[in-house]
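Chemist: Structure file my_file-v9.csv (CSV, C-alpha atoms) is given on the next line.
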```csv
chain,number,residue,atom,x,y,z
X,1425,MET,CA,75.0,81.1,98.3
X,1426,LYS,CA,74.9,83.4,101.4
X,1427,ASN,CA,78.2,81.8,102.6
X,1428,MET,CA,79.8,82.5,99.2
X,1429,ASN,CA,78.8,86.1,99.3
X,1430,THR,CA,80.2,86.5,102.8
X,1431,LYS,CA,83.5,85.0,101.7
X,1432,LEU,CA,83.6,87.3,98.7
X,1433,ILE,CA,83.0,90.4,100.9
X,1434,VAL,CA,85.6,89.4,103.4
X,1435,CYS,CA,88.2,88.8,100.6
X,1436,LEU,CA,87.4,92.2,99.0
X,1437,LEU,CA,87.8,94.0,102.4
X,1438,PHE,CA,91.1,92.2,103.0
X,1439,ILE,CA,92.5,93.1,99.6
X,1440,THR,CA,91.4,96.7,100.1
X,1441,LEU,CA,93.0,96.8,103.6
X,1442,ILE,CA,96.4,95.5,102.4
X,1443,SER,CA,96.4,97.6,99.2
X,1444,GLY,CA,96.7,100.7,101.4
X,1445,CYS,CA,99.6,99.3,103.4
X,1446,THR,CA,102.6,100.8,101.7
X,1447,SER,CA,106.0,101.7,103.2
X,1448,ILE,CA,108.2,104.7,102.9
X,1449,PRO,CA,110.3,104.4,99.7
X,1450,GLN,CA,114.1,103.9,100.0
X,1451,SER,CA,116.2,106.9,99.4
X,1452,GLY,CA,118.5,105.0,96.9
X,1453,ASN,CA,115.6,104.3,94.5
X,1454,VAL,CA,115.9,107.7,92.8
X,1455,ALA,CA,118.5,110.4,92.2
X,1456,GLY,CA,118.3,114.1,92.9
X,1457,THR,CA,116.2,116.3,95.1
X,1458,GLY,CA,112.5,115.5,95.3
X,1459,ILE,CA,109.4,114.1,96.9
X,1460,HIS,CA,107.5,110.8,96.6
X,1461,VAL,CA,103.7,111.3,96.7
X,1462,GLU,CA,101.0,108.8,97.6
X,1463,GLY,CA,97.3,109.1,98.1
X,1464,THR,CA,95.4,106.7,100.3
X,1465,HIS,CA,91.9,106.4,101.7
X,1466,GLY,CA,90.3,104.5,104.6
X,1467,ILE,CA,88.9,101.0,104.2
X,1468,SER,CA,85.4,102.4,104.8
X,1469,GLN,CA,85.9,104.5,101.7
X,1470,ILE,CA,86.3,101.6,99.3
X,1471,PHE,CA,84.0,103.4,96.8
X,1472,LEU,CA,86.8,105.9,96.1
X,1473,ASN,CA,88.6,103.1,94.3
X,1474,PHE,CA,86.2,103.9,91.5
X,1475,THR,CA,87.4,107.5,91.2
X,1476,GLU,CA,90.6,108.7,89.5
X,1477,GLY,CA,92.7,109.2,92.6
X,1478,ILE,CA,94.3,112.4,93.9
X,1479,THR,CA,95.2,115.5,91.9
X,1480,ILE,CA,98.4,117.2,93.0
X,1481,GLN,CA,100.0,120.4,92.0
X,1482,PHE,CA,103.3,121.9,93.1
X,1483,ASP,CA,104.1,125.6,93.0
X,1484,ASN,CA,101.2,126.5,90.7
X,1485,GLY,CA,102.6,124.2,88.1
X,1486,LYS,CA,100.6,121.6,86.1
X,1487,ALA,CA,98.1,119.6,88.1
X,1488,GLU,CA,98.6,115.8,87.8
X,1489,THR,CA,96.3,112.9,88.8
X,1490,LEU,CA,97.8,110.0,90.7
X,1491,ALA,CA,95.9,106.7,91.2
X,1492,TRP,CA,95.0,105.7,94.7
X,1493,ASN,CA,97.8,103.8,96.6
X,1494,GLN,CA,100.3,104.6,93.8
X,1495,SER,CA,103.6,106.4,94.6
X,1496,LYS,CA,105.2,108.8,92.2
X,1497,TYR,CA,108.5,110.7,92.5
X,1498,TYR,CA,108.6,114.4,91.6
X,1499,THR,CA,112.0,116.1,91.1
X,1500,LEU,CA,112.1,119.5,92.8
X,1501,SER,CA,114.6,122.2,93.2
X,1502,PRO,CA,116.0,122.9,96.7
X,1503,GLY,CA,113.9,125.6,98.5
X,1504,SER,CA,110.4,126.2,99.6
X,1505,HIS,CA,107.5,124.7,97.7
X,1506,THR,CA,103.7,124.8,97.9
X,1507,TYR,CA,101.3,121.9,97.2
X,1508,SER,CA,97.6,121.6,96.6
X,1509,ILE,CA,95.9,118.2,96.7
X,1510,TYR,CA,92.3,117.1,96.2
X,1511,PHE,CA,90.3,114.2,94.8
X,1512,LYS,CA,87.2,114.3,92.6
X,1513,TYR,CA,84.1,113.1,94.4
X,1514,MET,CA,81.1,115.3,94.4
X,1515,GLY,CA,83.3,118.1,93.1
X,1516,LYS,CA,86.8,118.8,94.5
X,1517,SER,CA,86.8,117.0,97.8
X,1518,GLY,CA,89.4,116.7,100.6
X,1519,LYS,CA,91.2,119.9,99.4
X,1520,THR,CA,94.4,120.4,101.2
X,1521,LYS,CA,97.2,123.1,100.7
X,1522,GLY,CA,100.5,123.6,102.4
X,1523,THR,CA,104.2,124.4,102.1
X,1524,PHE,CA,107.4,122.6,102.8
X,1525,SER,CA,111.1,123.2,102.4
X,1526,ILE,CA,113.6,120.8,100.8
X,1527,SER,CA,117.4,120.8,100.8
X,1528,LYS,CA,119.7,119.9,98.0
X,1529,GLY,CA,119.9,116.1,97.7
X,1530,GLN,CA,117.0,115.6,100.2
X,1531,LYS,CA,114.2,113.1,99.4
X,1532,LEU,CA,110.9,113.4,101.1
X,1533,PHE,CA,107.7,111.3,101.2
X,1534,LEU,CA,104.3,112.9,101.2
X,1535,ARG,CA,101.3,110.7,102.2
X,1536,TYR,CA,97.8,112.2,101.6
X,1537,LYS,CA,95.0,110.5,103.4
X,1538,THR,CA,91.3,111.3,102.7
X,1539,PRO,CA,89.3,112.8,105.5
X,1540,LEU,CA,86.5,110.8,107.0
X,1541,VAL,CA,84.0,113.5,105.8
X,1542,VAL,CA,85.0,114.2,102.2
X,1543,MET,CA,84.2,117.9,102.4
X,1544,ASN,CA,86.8,118.4,105.1
X,1545,SER,CA,90.5,118.8,104.4
X,1546,GLY,CA,92.6,115.7,103.8
X,1547,ASN,CA,95.5,114.7,106.1
X,1548,VAL,CA,99.1,115.2,104.9
X,1549,LYS,CA,102.2,113.8,106.5
X,1550,ILE,CA,105.6,114.6,105.1
X,1551,ILE,CA,108.6,112.5,106.1
X,1552,ASP,CA,112.3,112.8,105.3
X,1553,ILE,CA,113.1,109.4,103.7
X,1554,GLU,CA,116.7,109.3,105.1
X,1555,THR,CA,116.1,110.2,108.7
X,1556,LYS,CA,112.4,109.1,108.9
X,1557,GLU,CA,111.7,112.4,110.7
X,1558,SER,CA,108.4,114.3,110.2
X,1559,ILE,CA,108.8,117.5,108.3
X,1560,GLY,CA,106.7,120.5,109.5
X,1561,HIS,CA,104.4,122.0,106.9
```
Take the structure in the file and give it back as structure tokens.
Modeler:
Amino acid sequence: MKNMNTKLIVCLLFITLISGCTSIPQSGNVAGTGIHVEGTHGISQIFLNFTEGITIQFDNGKAETLAWNQSKYYTLSPGSHTYSIYFKYMGKSGKTKGTFSISKGQKLFLRYKTPLVVMNSGNVKIIDIETKESIGH
């Protein structure tokens, strides 16, 4: 029985590890100007799989929840935009805010990663999908 439990734990850890291994979306998958958003957490934070995921808001618009390791494309107008991201765990955890600019026809990818200590700010990386260059924010 002990050997079976060990195998189960190893399988669960492996599945969790690979579930967070996503790649940058291809630019041809969607039309228009916008940003793909994805929320991830570390393998040691497997318990977060039982929470809703991240909540994201652009430009003081409607906040929307996005499940962990799911990517969603948001159409945006060219120009400067603000974002606010957090996840619900013991209140609003991992709160992060920032700004970025996007040009007409540009497609970006925003990956949010939870902080090791949930009360700290989350980590955000924004990448231009076409050039693979990091966008300052």
Chemist: Point out the residue among X:Ser1545, X:Ser1501, X:Ser1517, X:Ser1508 with the least atom-to-atom distance to X:Gly1458, counting all atoms listed in the file.
Modeler: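 Nearest candidate to X:Gly1458 out of X:Ser1545, X:Ser1501, X:Ser1517, X:Ser1508: X:Ser1501.
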Chemist: Using only C-alpha atoms, which of X:Tyr1536, X:Phe1482, X:Tyr1513, X:Tyr1498 sits nearest X:Gly1466?
Modeler: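 Counting only C-alpha atoms, the residue closest to X:Gly1466 is X:Tyr1536.
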Chemist: What is the distance, in Å and to one decimal place, between atom CA of X:Glu1462 and atom CA of X:Glu1554?
Modeler: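 Atom CA of X:Glu1462 sits 17.4 Å away from atom CA of X:Glu1554.
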Chemist: Can you find the residues with an atom no farther than 10 Å from (85.2, 123.7, 101.0), counting all atoms listed in the file, and report them as a list in words?
Modeler: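 Answer for this query, in the requested form: Gly1515, Lys1516, Ser1517, Gly1518, Lys1519, Thr1520, Val1542, Met1543, Asn1544 and Ser1545 of chain X.
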Chemist: Of the candidates X:Leu1532, X:Val1548, X:Val1541, X:Ile1480, which one gets nearest to X:Met1514 if we count all atoms listed in the file?
Modeler: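 Among the listed residues, the smallest separation from X:Met1514 belongs to X:Val1541.
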Chemist: In file coordinates, which residues lie within 12 Å of (102.8, 107.2, 91.7) using all atoms listed in the file, given as JSON, numbers by chain?
Modeler: {"X": [1446, 1449, 1459, 1460, 1461, 1462, 1463, 1464, 1477, 1478, 1479, 1480, 1488, 1489, 1490, 1491, 1492, 1493, 1494, 1495, 1496, 1497, 1498, 1533, 1534, 1535]}
Chemist: Please provide the set of residues having any atom within 6 Å of X:Gln1530, restricted to only C-alpha atoms, with same-chain residues fewer than 2 positions apart removed, written as a PDB file with C-alpha atoms, in the frame of the given file.
Modeler:
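Listed below is the output, part-v7.pdb:
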```
ATOM      1  CA  THR X1457     116.200 116.300  95.100  1.00  0.00           C
ATOM      2  CA  SER X1527     117.400 120.800 100.800  1.00  0.00           C
ATOM      3  CA  LYS X1528     119.700 119.900  98.000  1.00  0.00           C
TER       4      LYS X1528
END
```
Chemist: For X:Ile1550, which residue among X:Gly1529, X:Gly1522, X:Gly1485, X:Pro1502 is the nearest when counting all atoms listed in the file?
Modeler: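 Counting all atoms listed in the file, the residue closest to X:Ile1550 is X:Gly1522.
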Chemist: To one decimal in Å, tell me the separation between atom CA of X:Ile1470 and atom CA of X:Lys1512.
Modeler: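 Between atom CA of X:Ile1470 and atom CA of X:Lys1512 the gap is 14.4 Å.
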Chemist: Using atom CA of X:Leu1540 and atom CA of X:Ser1525 as the two end points, give the distance in Å to one decimal.
Modeler: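 Taking atom CA of X:Leu1540 as the start and atom CA of X:Ser1525 as the end point, the length is 27.9 Å.
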Chemist: From the set X:Tyr1510, X:Thr1499, X:Phe1471, X:Ile1559, which residue has the shortest atom-to-atom contact distance to X:Ala1487, counting all atoms listed in the file?
Modeler: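 Among the listed residues, X:Tyr1510 lies closest to X:Ala1487.
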Chemist: Using all atoms listed in the file, find the one residue out of X:Thr1523, X:Thr1538, X:Lys1531, X:Gly1456 that sits nearest to X:Lys1556.
Modeler: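 Among the listed residues, the smallest separation from X:Lys1556 belongs to X:Lys1531.
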